[in-house]
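S.K.: For reference, this is upload27.cif, and it has mmCIF, C-alpha atoms and all ligand atoms.
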```
data_my_file
#
loop_
_atom_site.label_atom_id
_atom_site.label_comp_id
_atom_site.auth_asym_id
_atom_site.auth_seq_id
_atom_site.Cartn_x
_atom_site.Cartn_y
_atom_site.Cartn_z
CA MET A 1 92.41 107.24 105.64
CA LEU A 2 95.14 109.84 105.21
CA ASP A 3 98.90 109.40 105.04
CA ALA A 4 101.48 111.49 106.91
CA LEU A 5 101.10 114.28 104.32
CA GLY A 6 97.30 114.22 104.33
CA ARG A 7 96.89 112.24 101.11
CA PRO A 8 94.02 109.71 100.94
CA LEU A 9 94.39 106.05 100.03
CA ARG A 10 92.19 106.02 96.96
CA ASN A 11 93.87 104.90 93.80
CA LEU A 12 95.28 101.41 93.31
CA ARG A 13 97.30 100.38 90.29
CA LEU A 14 97.14 96.64 89.92
CA SER A 15 99.87 94.99 87.89
CA VAL A 16 98.52 91.64 86.71
CA THR A 17 101.73 90.43 85.05
CA ASP A 18 105.34 91.54 84.73
CA ARG A 19 105.53 90.13 81.18
CA CYS A 20 105.33 92.36 78.13
CA ASN A 21 105.12 91.79 74.38
CA LEU A 22 107.10 94.99 73.64
CA ARG A 23 110.65 95.96 74.60
CA CYS A 24 110.37 99.75 74.73
CA GLU A 25 113.79 101.27 75.08
CA TYR A 26 112.67 103.59 77.89
CA CYS A 27 111.09 100.80 79.94
CA MET A 28 112.48 97.34 79.07
CA PRO A 29 115.65 97.95 77.06
CA GLU A 30 117.39 94.66 77.87
CA ASP A 31 117.29 91.37 75.94
CA ASP A 32 116.24 89.28 78.88
CA TYR A 33 114.81 89.81 82.32
CA THR A 34 114.40 88.09 85.65
CA TRP A 35 110.70 87.31 85.78
CA LEU A 36 108.60 86.87 88.88
CA PRO A 37 108.29 83.17 89.73
CA ARG A 38 104.97 81.91 88.38
CA GLU A 39 103.97 80.34 91.68
CA ASP A 40 104.27 83.76 93.32
CA VAL A 41 101.84 85.45 90.94
CA LEU A 42 98.53 86.12 92.67
CA HIS A 43 95.46 84.19 91.54
CA PHE A 44 92.41 86.25 90.61
CA GLU A 45 90.66 85.23 93.84
CA GLU A 46 93.64 86.50 95.82
CA ILE A 47 93.67 89.80 93.93
CA SER A 48 89.95 90.15 94.50
CA THR A 49 90.36 89.55 98.25
CA LEU A 50 93.12 92.14 98.49
CA VAL A 51 91.03 94.64 96.52
CA ASP A 52 88.21 94.09 99.04
CA VAL A 53 90.64 94.98 101.83
CA PHE A 54 91.80 98.09 99.97
CA ILE A 55 88.19 99.12 99.33
CA SER A 56 87.44 98.81 103.04
CA LEU A 57 90.21 101.37 103.62
CA GLY A 58 89.07 103.89 101.01
CA VAL A 59 90.22 102.73 97.58
CA ASP A 60 87.58 103.44 94.95
CA LYS A 61 89.68 103.51 91.78
CA VAL A 62 91.57 100.57 90.30
CA ARG A 63 93.66 100.58 87.16
CA LEU A 64 94.83 97.28 85.67
CA THR A 65 98.34 97.50 84.29
CA GLY A 66 101.54 95.50 83.91
CA GLY A 67 103.78 94.48 82.10
CA GLU A 68 101.17 94.14 79.42
CA PRO A 69 97.92 93.30 81.22
CA LEU A 70 96.31 91.70 78.15
CA LEU A 71 98.96 88.96 78.32
CA ARG A 72 97.36 87.72 81.54
CA ARG A 73 95.16 84.82 80.55
CA ASP A 74 91.42 85.38 80.90
CA LEU A 75 91.79 88.94 82.21
CA SER A 76 88.10 89.53 81.66
CA SER A 77 87.33 87.08 84.51
CA LEU A 78 89.25 89.35 86.87
CA VAL A 79 87.46 92.37 85.44
CA ARG A 80 84.15 90.65 86.10
CA MET A 81 85.11 89.97 89.73
CA LEU A 82 86.22 93.57 90.27
CA SER A 83 83.38 95.28 88.44
CA ALA A 84 80.94 93.44 90.71
CA LYS A 85 82.23 95.46 93.68
CA PRO A 86 79.82 98.41 94.02
CA ALA A 87 82.32 100.54 95.98
CA LEU A 88 84.71 100.58 93.04
CA ARG A 89 83.73 103.76 91.19
CA ASP A 90 86.36 103.49 88.49
CA LEU A 91 87.84 100.40 86.86
CA ALA A 92 90.31 101.23 84.10
CA LEU A 93 92.97 99.51 81.99
CA THR A 94 96.28 100.71 80.59
CA THR A 95 97.50 98.67 77.62
CA ASN A 96 99.84 98.89 74.68
CA GLY A 97 96.83 97.99 72.55
CA ILE A 98 98.34 95.12 70.55
CA LEU A 99 95.88 92.50 71.82
CA LEU A 100 93.04 94.91 72.46
CA ALA A 101 90.94 94.36 69.33
CA ASP A 102 90.63 90.64 70.20
CA GLN A 103 89.78 91.15 73.84
CA ILE A 104 87.76 94.34 73.98
CA GLY A 105 84.37 92.66 73.61
CA ALA A 106 84.99 90.39 76.60
CA LEU A 107 86.48 93.19 78.69
CA HIS A 108 83.58 95.52 78.01
CA ALA A 109 81.02 92.80 78.71
CA ALA A 110 82.82 92.05 81.98
CA GLY A 111 82.37 95.65 83.12
CA LEU A 112 85.66 97.40 82.35
CA GLY A 113 84.95 101.13 82.61
CA ARG A 114 87.71 102.93 80.72
CA ILE A 115 90.72 102.32 78.49
CA THR A 116 94.03 104.08 78.05
CA VAL A 117 96.28 102.99 75.19
CA SER A 118 99.99 103.82 75.19
CA LEU A 119 101.19 105.07 71.81
CA ASP A 120 104.43 106.99 71.34
CA THR A 121 104.73 107.39 67.58
CA LEU A 122 102.69 107.32 64.38
CA HIS A 123 105.63 106.15 62.25
CA GLY A 124 105.99 102.40 61.72
CA ASP A 125 109.78 102.54 61.49
CA ARG A 126 110.06 104.55 64.71
CA PHE A 127 107.63 102.21 66.48
CA ARG A 128 109.79 99.26 65.45
CA ALA A 129 112.98 100.94 66.59
CA LEU A 130 111.46 102.05 69.89
CA THR A 131 109.67 98.82 70.84
CA ARG A 132 111.62 96.22 68.83
CA VAL A 133 108.32 94.84 67.53
CA ASP A 134 106.53 95.55 64.26
CA ALA A 135 103.09 96.06 65.75
CA LEU A 136 101.87 99.58 64.99
CA PRO A 137 98.96 98.35 62.78
CA ALA A 138 97.77 96.12 65.64
CA VAL A 139 97.85 99.09 68.03
CA HIS A 140 95.78 101.15 65.57
CA GLU A 141 93.27 98.28 65.36
CA GLY A 142 93.11 98.20 69.16
CA ILE A 143 92.50 101.94 69.32
CA GLN A 144 89.76 101.75 66.70
CA ALA A 145 88.14 98.89 68.58
CA ALA A 146 88.25 100.94 71.81
CA ARG A 147 86.67 103.88 70.02
CA ARG A 148 83.88 101.73 68.59
CA THR A 149 83.19 100.02 71.92
CA TYR A 150 83.67 102.87 74.39
CA GLY A 151 83.19 105.93 72.19
CA ARG A 152 86.12 107.66 73.89
CA LEU A 153 89.56 106.71 75.19
CA LYS A 154 92.87 108.15 76.35
CA ILE A 155 96.21 107.86 74.64
CA ASP A 156 99.42 108.08 76.71
CA THR A 157 102.59 109.20 74.95
CA VAL A 158 106.04 109.28 76.54
CA VAL A 159 107.91 112.13 74.86
CA ILE A 160 111.63 111.55 74.32
CA ARG A 161 114.01 113.92 72.61
CA GLY A 162 115.45 112.42 69.47
CA VAL A 163 112.69 109.81 69.32
CA ASN A 164 109.26 111.45 68.98
CA HIS A 165 109.61 115.05 70.21
CA ASP A 166 108.57 116.26 66.73
CA GLU A 167 105.23 114.37 66.78
CA LEU A 168 103.28 116.25 69.46
CA GLY A 169 100.94 118.05 67.05
CA ASP A 170 100.52 114.99 64.83
CA LEU A 171 99.64 112.83 67.82
CA LEU A 172 97.12 115.43 68.93
CA GLU A 173 95.54 115.37 65.47
CA TYR A 174 95.50 111.59 65.51
CA ALA A 175 93.86 111.61 68.95
CA THR A 176 91.14 113.90 67.60
CA SER A 177 90.53 111.50 64.72
CA VAL A 178 89.86 108.59 67.11
CA ASN A 179 87.98 110.63 69.75
CA ALA A 180 90.77 110.30 72.29
CA GLU A 181 92.43 112.72 74.69
CA VAL A 182 96.19 112.47 74.44
CA ARG A 183 98.39 112.88 77.50
CA PHE A 184 102.03 113.67 76.94
CA ILE A 185 104.26 112.14 79.62
CA GLU A 186 107.69 113.47 80.51
CA TYR A 187 110.34 110.79 80.25
CA MET A 188 110.97 109.51 83.79
CA ASP A 189 114.14 108.10 85.29
CA VAL A 190 112.30 105.15 86.87
CA GLY A 191 113.32 101.49 87.26
CA GLY A 192 113.86 100.07 83.79
CA ALA A 193 114.78 103.44 82.28
CA SER A 194 118.47 102.66 82.63
CA ARG A 195 119.21 104.68 79.45
CA TRP A 196 117.56 107.81 80.82
CA SER A 197 119.49 111.06 80.72
CA PRO A 198 118.27 114.59 81.47
CA ASP A 199 118.91 115.89 77.96
CA ARG A 200 116.39 113.37 76.55
CA VAL A 201 113.57 114.78 78.72
CA VAL A 202 111.20 117.12 76.91
CA SER A 203 109.77 119.31 79.66
CA ARG A 204 106.18 120.36 80.01
CA ARG A 205 107.26 123.95 79.27
CA GLU A 206 108.89 122.91 76.02
CA MET A 207 105.89 120.81 75.01
CA LEU A 208 103.61 123.80 75.55
CA GLU A 209 105.92 126.02 73.50
CA VAL A 210 105.90 123.57 70.59
CA LEU A 211 102.13 123.20 70.67
CA THR A 212 101.59 126.95 71.02
CA ALA A 213 103.73 127.51 67.92
CA ARG A 214 101.40 125.21 65.97
CA TYR A 215 98.00 125.99 67.49
CA GLY A 216 98.24 129.46 69.05
CA ALA A 217 97.24 130.27 72.63
CA ILE A 218 96.74 127.32 74.97
CA GLU A 219 94.70 127.68 78.16
CA PRO A 220 95.19 125.58 81.31
CA ILE A 221 91.98 123.92 82.52
CA ALA A 222 91.49 124.50 86.26
CA GLU A 223 90.63 121.29 88.11
CA PRO A 224 91.36 122.10 91.76
CA GLU A 225 89.83 118.90 93.19
CA SER A 226 91.64 116.58 90.80
CA SER A 227 94.32 114.17 91.96
CA ALA A 228 94.90 113.06 88.36
CA PRO A 229 98.55 113.18 87.36
CA ALA A 230 97.85 115.10 84.16
CA ASP A 231 97.41 118.85 83.97
CA ARG A 232 94.87 119.47 81.25
CA PHE A 233 94.95 122.19 78.62
CA ALA A 234 92.60 123.47 75.92
CA LEU A 235 93.37 124.72 72.42
CA SER A 236 91.39 127.72 71.17
CA ASP A 237 89.17 125.36 69.13
CA GLY A 238 88.17 123.58 72.37
CA ARG A 239 90.22 120.43 71.92
CA THR A 240 91.90 119.25 75.09
CA PHE A 241 95.07 117.36 76.01
CA GLY A 242 97.07 116.57 79.13
CA ILE A 243 100.67 116.75 80.25
CA ILE A 244 102.07 114.53 82.99
CA SER A 245 105.13 116.37 84.21
CA SER A 246 106.42 113.80 86.69
CA THR A 247 110.02 114.73 85.99
CA THR A 248 110.15 118.54 85.95
CA ALA A 249 107.04 119.39 88.02
CA PRO A 250 106.07 116.35 90.10
CA PHE A 251 102.64 116.00 91.68
CA CYS A 252 103.71 114.15 94.86
CA ARG A 253 101.65 116.47 97.04
CA SER A 254 98.38 115.17 95.65
CA CYS A 255 99.50 111.61 94.87
CA ASP A 256 96.92 109.11 96.10
CA ARG A 257 98.38 106.22 94.11
CA SER A 258 99.84 103.00 95.35
CA ARG A 259 100.87 99.95 93.39
CA LEU A 260 100.36 96.22 93.82
CA THR A 261 102.68 93.99 91.81
CA ALA A 262 101.51 90.74 90.24
CA ASP A 263 103.16 88.83 93.11
CA GLY A 264 101.51 90.89 95.82
CA MET A 265 104.17 93.43 96.78
CA TRP A 266 102.59 96.78 97.60
CA TYR A 267 104.52 99.98 96.82
CA LEU A 268 103.63 103.43 98.10
CA CYS A 269 105.67 105.31 95.49
CA LEU A 270 107.02 104.55 92.02
CA TYR A 271 110.48 105.42 93.37
CA ALA A 272 110.23 103.41 96.61
CA ASN A 273 113.04 100.94 97.25
CA ARG A 274 110.91 98.75 99.46
CA GLY A 275 107.37 97.48 99.39
CA THR A 276 105.07 95.59 101.75
CA ASP A 277 104.53 91.90 101.06
CA LEU A 278 100.80 91.18 101.04
CA ARG A 279 101.03 87.74 99.37
CA GLY A 280 102.78 86.19 102.37
CA PRO A 281 100.16 87.19 104.95
CA LEU A 282 97.34 86.30 102.55
CA ARG A 283 98.70 82.82 101.83
CA ARG A 284 99.50 82.22 105.51
CA GLY A 285 95.82 82.70 106.18
CA GLU A 286 95.92 86.00 108.02
CA THR A 287 92.47 87.48 108.44
CA PHE A 288 90.88 90.33 106.51
CA SER A 289 91.32 92.67 109.46
CA GLU A 290 94.97 91.66 110.03
CA ILE A 291 95.78 92.47 106.41
CA ALA A 292 93.76 95.69 106.65
CA GLN A 293 95.78 96.64 109.71
CA LEU A 294 99.05 95.98 107.85
CA ILE A 295 97.95 98.20 104.95
CA ALA A 296 96.55 100.92 107.19
CA SER A 297 99.66 101.23 109.32
CA ALA A 298 101.88 101.48 106.22
CA TRP A 299 99.63 104.12 104.64
CA ILE A 300 99.32 106.24 107.78
CA ALA A 301 103.14 106.40 107.98
CA ARG A 302 103.54 107.17 104.25
CA ASP A 303 105.61 110.27 103.64
CA ASP A 304 107.03 109.38 100.21
CA ARG A 305 107.68 112.21 97.78
CA GLY A 306 109.87 110.20 95.42
CA ALA A 307 109.63 112.35 92.29
CA GLU A 308 110.13 115.61 94.22
CA GLN A 309 113.19 114.19 95.96
CA ARG A 310 114.61 113.06 92.61
CA LEU A 311 114.04 116.56 91.24
CA ALA A 312 115.79 118.15 94.23
CA LEU A 313 118.85 115.95 93.67
CA GLY A 314 120.13 117.84 90.62
CA GLY A 315 122.80 116.21 88.42
CA ARG A 316 120.41 113.33 87.77
CA ARG A 317 120.98 110.00 86.13
CA ALA A 318 118.77 106.90 85.90
CA PHE A 319 117.25 105.86 89.26
CA VAL A 320 118.68 102.34 88.91
CA PRO A 321 121.53 102.73 86.43
CA VAL A 322 123.02 99.32 87.25
CA GLN A 323 121.40 96.56 85.21
CA ASP A 324 122.70 93.91 87.57
CA LEU A 325 120.79 95.43 90.47
CA LEU A 326 117.57 95.37 88.45
CA ARG A 327 118.20 91.71 87.68
CA ARG A 328 118.67 90.87 91.33
CA ASP A 329 115.49 92.66 92.33
CA PRO A 330 112.94 92.65 89.52
CA HIS A 331 110.56 94.60 91.78
CA LEU A 332 112.60 97.70 91.02
CA GLU A 333 111.52 97.50 87.36
CA MET A 334 108.77 99.74 86.01
CA HIS A 335 107.27 96.75 84.16
CA THR A 336 106.93 94.87 87.46
CA ARG A 337 105.56 97.80 89.40
CA GLY A 338 103.17 98.93 86.68
CA GLY A 339 103.55 102.34 85.06
N1 LIG B 1 101.94 97.67 78.91
C1 LIG B 1 100.99 98.67 79.31
C2 LIG B 1 101.16 99.93 78.48
O1 LIG B 1 102.00 99.93 77.56
O2 LIG B 1 100.44 100.88 78.71
C3 LIG B 1 101.01 99.01 80.78
C4 LIG B 1 102.32 99.09 81.51
S1 LIG B 1 103.39 100.41 81.00
C5 LIG B 1 104.75 100.18 82.12
C6 LIG B 1 102.52 101.81 81.62
C7 LIG B 1 102.96 103.16 81.12
O3 LIG B 1 104.22 103.47 81.65
C8 LIG B 1 103.08 103.26 79.61
O4 LIG B 1 102.30 104.34 79.14
C9 LIG B 1 104.55 103.55 79.42
O5 LIG B 1 104.78 104.34 78.29
C10 LIG B 1 104.89 104.25 80.70
N2 LIG B 1 106.34 104.28 80.96
C11 LIG B 1 107.20 103.25 80.99
N3 LIG B 1 108.47 103.68 81.22
C12 LIG B 1 108.40 105.03 81.35
C13 LIG B 1 109.36 106.06 81.58
N4 LIG B 1 110.65 105.78 81.72
N5 LIG B 1 108.93 107.34 81.66
C14 LIG B 1 107.60 107.63 81.52
N6 LIG B 1 106.65 106.71 81.30
C15 LIG B 1 107.04 105.42 81.20
#
```
Go ahead and express the file in the form of structure tokens.
Ligand code: SAM
M.R.:
Amino acid sequence: MLDALGRPLRNLRLSVTDRCNLRCEYCMPEDDYTWLPREDVLHFEEISTLVDVFISLGVDKVRLTGGEPLLRRDLSSLVRMLSAKPALRDLALTTNGILLADQIGALHAAGLGRITVSLDTLHGDRFRALTRVDALPAVHEGIQAARRTYGRLKIDTVVIRGVNHDELGDLLEYATSVNAEVRFIEYMDVGGASRWSPDRVVSRREMLEVLTARYGAIEPIAEPESSAPADRFALSDGRTFGIISSTTAPFCRSCDRSRLTADGMWYLCLYANRGTDLRGPLRRGETFSEIAQLIASAWIARDDRGAEQRLALGGRRAFVPVQDLLRRDPHLEMHTRGG
């Protein structure tokens, strides 16, 4: 099923909770938040039913995210339900890694396919300042556990000028040491990034310049069929890394992602102001085909190009600069929508 710009419905990011155990300054900078009401949060059976509907319409990749997904109690039970669906080719998890060492055995046994750990700095003091939690050793333990269990993993790093822009090479070396591929993400002006400003964005071009200065020539890896957000590159010694340039060179034209929040709101774009409520119809007892129809008609009409439109704006500031607005509608937050 294709949207108005010919993009398939394929990739679902499932936020299982809006809660997080970090307070990263680029995502959740405030002291307190308006949380989704607990009674609104979908039960695992409800998530599983909705995933079946999405699969019937073409979704074959699901990524569990949040908030911090490992805060959702008994996440491995959900993984078990999802991994039992043969049509799901790819079941992945994005986590900050703090609770990973404890849970990885259960997640792996339940059928989780892949793991991405978010890690922005190798310095304990920077980690503390950035996240307001002293948890870097726990993240390292999580990464080591992922390496032991899965052999390979990905590491996602948001690059912010004045925070970690001088760590690109060191993070690449670290990734090599744990058999990971690192993906450097441009700082985005999304929901909770109310402190975003253009001068703090380190562009893909600048990242490549810095890495070229350290490693010599860098070659782009051609992947014409890929809808992955990262462009991949190779160093002359064969090591690879990715750059997700959502801010300076968005990939809207190939974006097959949509997002389901923990309370069942479905968003067609990270920058969308409005989503489609799927919890309501589900709990009212609408049938599988009625919900499928609701999803299909929204997808067929989808013409979102949020990141490209933001880029075209010029003179940018944070997408939702007003904290009060975020409080009134927590669905606008990145931690509710899933990164
Ligand atoms: N808690 C999990 C984690 O840390 O990976 C999953 C949710 S988190 C919102 C998902 C990803 O979004 C993380 O890699 C995070 O760094 C990224 N992210 C959050 N705010 C961002 C921003 N303003 N720009 C770019 N990436 C951002």
S.K.: Using 6 Å as the limit and counting only C-alpha atoms and all ligand atoms, can you tabulate each residue of chain A that touches ligand LIG 1 (chain B), with its shortest atom-to-atom distance in Å and the two atoms involved, as a Markdown table?
M.R.:
```
| residue | atom | partner | partner_atom | distance |
| --- | --- | --- | --- | --- |
| A:Tyr26 | CA | B:LIG1 | N4 | 4.9 |
| A:Cys27 | CA | B:LIG1 | N3 | 4.1 |
| A:Thr65 | CA | B:LIG1 | C3 | 4.7 |
| A:Gly66 | CA | B:LIG1 | C4 | 4.4 |
| A:Gly67 | CA | B:LIG1 | C4 | 4.9 |
| A:Glu68 | CA | B:LIG1 | N1 | 3.6 |
| A:Thr94 | CA | B:LIG1 | O2 | 4.6 |
| A:Thr95 | CA | B:LIG1 | O2 | 3.8 |
| A:Asn96 | CA | B:LIG1 | O1 | 3.7 |
| A:Val117 | CA | B:LIG1 | O2 | 5.8 |
| A:Ser118 | CA | B:LIG1 | O4 | 4.6 |
| A:Asp156 | CA | B:LIG1 | O4 | 5.3 |
| A:Val158 | CA | B:LIG1 | O5 | 5.4 |
| A:Ile185 | CA | B:LIG1 | C14 | 5.9 |
| A:Glu186 | CA | B:LIG1 | C14 | 5.9 |
| A:Tyr187 | CA | B:LIG1 | N5 | 4.0 |
| A:Met188 | CA | B:LIG1 | N5 | 3.7 |
| A:Asp189 | CA | B:LIG1 | N4 | 5.5 |
| A:Val190 | CA | B:LIG1 | N4 | 5.4 |
| A:Ala193 | CA | B:LIG1 | N4 | 4.8 |
| A:Met334 | CA | B:LIG1 | C5 | 5.6 |
| A:His335 | CA | B:LIG1 | C5 | 4.7 |
| A:Gly338 | CA | B:LIG1 | C5 | 5.0 |
| A:Gly339 | CA | B:LIG1 | C6 | 3.6 |
```
S.K.: Segment 216-223 of chain A: which residues within 9 Å, counting all atoms listed in the file, same-chain residues fewer than 6 positions away excluded, as a PyMOL selection string?
M.R.: chain A and resi 208+231-236+240
S.K.: Have a look at atom CA of Asn179 of chain A and atom CA of His140 of chain A and let me know their distance in Å, one decimal.
M.R.: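 One can read the atom CA of Asn179 of chain A to atom CA of His140 of chain A distance as 13.0 Å.
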S.K.: Given the choices A:Leu112, A:Ala129, A:Val79, A:Leu168, which gets closest to Thr149 of chain A if the distance is worked out from all atoms listed in the file?
M.R.: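 Using all atoms listed in the file, Thr149 of chain A sits closest to A:Leu112.
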S.K.: Mind running segment 173-205 of chain A against segment 321-327 of chain A at 9 Å and telling me each contacting residue's nearest atom pair with the distance in Å (one decimal), counting all atoms listed in the file, chain and number ascending, as JSON lines?
M.R.:
```
{"residue": "A:Gly191", "atom": "CA", "partner": "A:Leu326", "partner_atom": "CA", "distance": 7.5}
{"residue": "A:Gly192", "atom": "CA", "partner": "A:Leu326", "partner_atom": "CA", "distance": 7.6}
{"residue": "A:Ala193", "atom": "CA", "partner": "A:Pro321", "partner_atom": "CA", "distance": 8.0}
{"residue": "A:Ser194", "atom": "CA", "partner": "A:Pro321", "partner_atom": "CA", "distance": 4.9}
{"residue": "A:Arg195", "atom": "CA", "partner": "A:Pro321", "partner_atom": "CA", "distance": 7.6}
{"residue": "A:Trp196", "atom": "CA", "partner": "A:Pro321", "partner_atom": "CA", "distance": 8.5}
```
S.K.: For Ala307 of chain A, work out the shell of residues within 9 Å, counting all atoms listed in the file and skipping chain neighbours fewer than 3 positions away, then give it as a list of chain:residue names.
M.R.: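 Once the nearby chain positions are removed, what remains is A:Ser246, A:Thr247, A:Thr248, A:Ala249, A:Pro250, A:Phe251, A:Cys252, A:Cys269, A:Leu270, A:Tyr271, A:Asp304, A:Arg310, A:Leu311, A:Ala312.
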S.K.: Atom CA of Asn11 of chain A and atom CA of Ile155 of chain A are how many Å apart?
M.R.: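 If I compute the distance from atom CA of Asn11 of chain A to atom CA of Ile155 of chain A, I get 19.5 Å.
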S.K.: For Trp35 of chain A, which of A:Glu173, A:Asp199, A:Asp263, A:Glu286 is the closest residue, counting all atoms listed in the file?
M.R.: A:Asp263
S.K.: Could you tell me which of A:Asp237, A:Pro224, A:Leu332, A:Gly105 comes closest to Arg274 of chain A if we count only C-alpha atoms?
M.R.: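 For Arg274 of chain A, the nearest of the candidates is A:Leu332.
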S.K.: Point out the residue among A:Ala110, A:Gly238, A:Ala318, A:Pro229 with the least atom-to-atom distance to Val201 of chain A, counting only C-alpha atoms.
M.R.: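 Using only C-alpha atoms, the shortest distance to Val201 of chain A belongs to A:Ala318.
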S.K.: For Asp3 of chain A, which residue out of A:Arg23, A:Arg305, A:Arg147, A:His331 is the nearest one, using only C-alpha atoms?
M.R.: A:Arg305
S.K.: Axis-aligned box over every listed atom of segment 54-70 of chain A, padded by 4 Å per side: centre and edges in Å to one decimal, as AutoDock Vina command-line options?
M.R.:
```
--center_x 95.6 --center_y 97.8 --center_z 90.9 --size_x 24.3 --size_y 20.2 --size_z 33.5
```
S.K.: In the coordinate frame of the file, compute which residues have an atom within 9 Å of (103.8, 99.6, 65.4) when using all atoms listed in the file, and state them as number ranges by chain.
M.R.: A: 98, 119, 121-128, 131, 133-140
S.K.: Can you spit out the residues from that selection as a tab-separated table (two decimals), keeping the file's coordinate frame, using C-alpha atoms?
M.R.:
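The resulting file, out-v7.tsv, is shown below:
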```tsv
chain	number	residue	atom	x	y	z
A	98	ILE	CA	98.34	95.12	70.55
A	119	LEU	CA	101.19	105.07	71.81
A	121	THR	CA	104.73	107.39	67.58
A	122	LEU	CA	102.69	107.32	64.38
A	123	HIS	CA	105.63	106.15	62.25
A	124	GLY	CA	105.99	102.40	61.72
A	125	ASP	CA	109.78	102.54	61.49
A	126	ARG	CA	110.06	104.55	64.71
A	127	PHE	CA	107.63	102.21	66.48
A	128	ARG	CA	109.79	99.26	65.45
A	131	THR	CA	109.67	98.82	70.84
A	133	VAL	CA	108.32	94.84	67.53
A	134	ASP	CA	106.53	95.55	64.26
A	135	ALA	CA	103.09	96.06	65.75
A	136	LEU	CA	101.87	99.58	64.99
A	137	PRO	CA	98.96	98.35	62.78
A	138	ALA	CA	97.77	96.12	65.64
A	139	VAL	CA	97.85	99.09	68.03
A	140	HIS	CA	95.78	101.15	65.57
```
S.K.: Between A:Ala180, A:Val41, A:Leu12, A:Val202, which is the closest to His165 of chain A once you count all atoms listed in the file?
M.R.: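 The closest residue to His165 of chain A is A:Val202.
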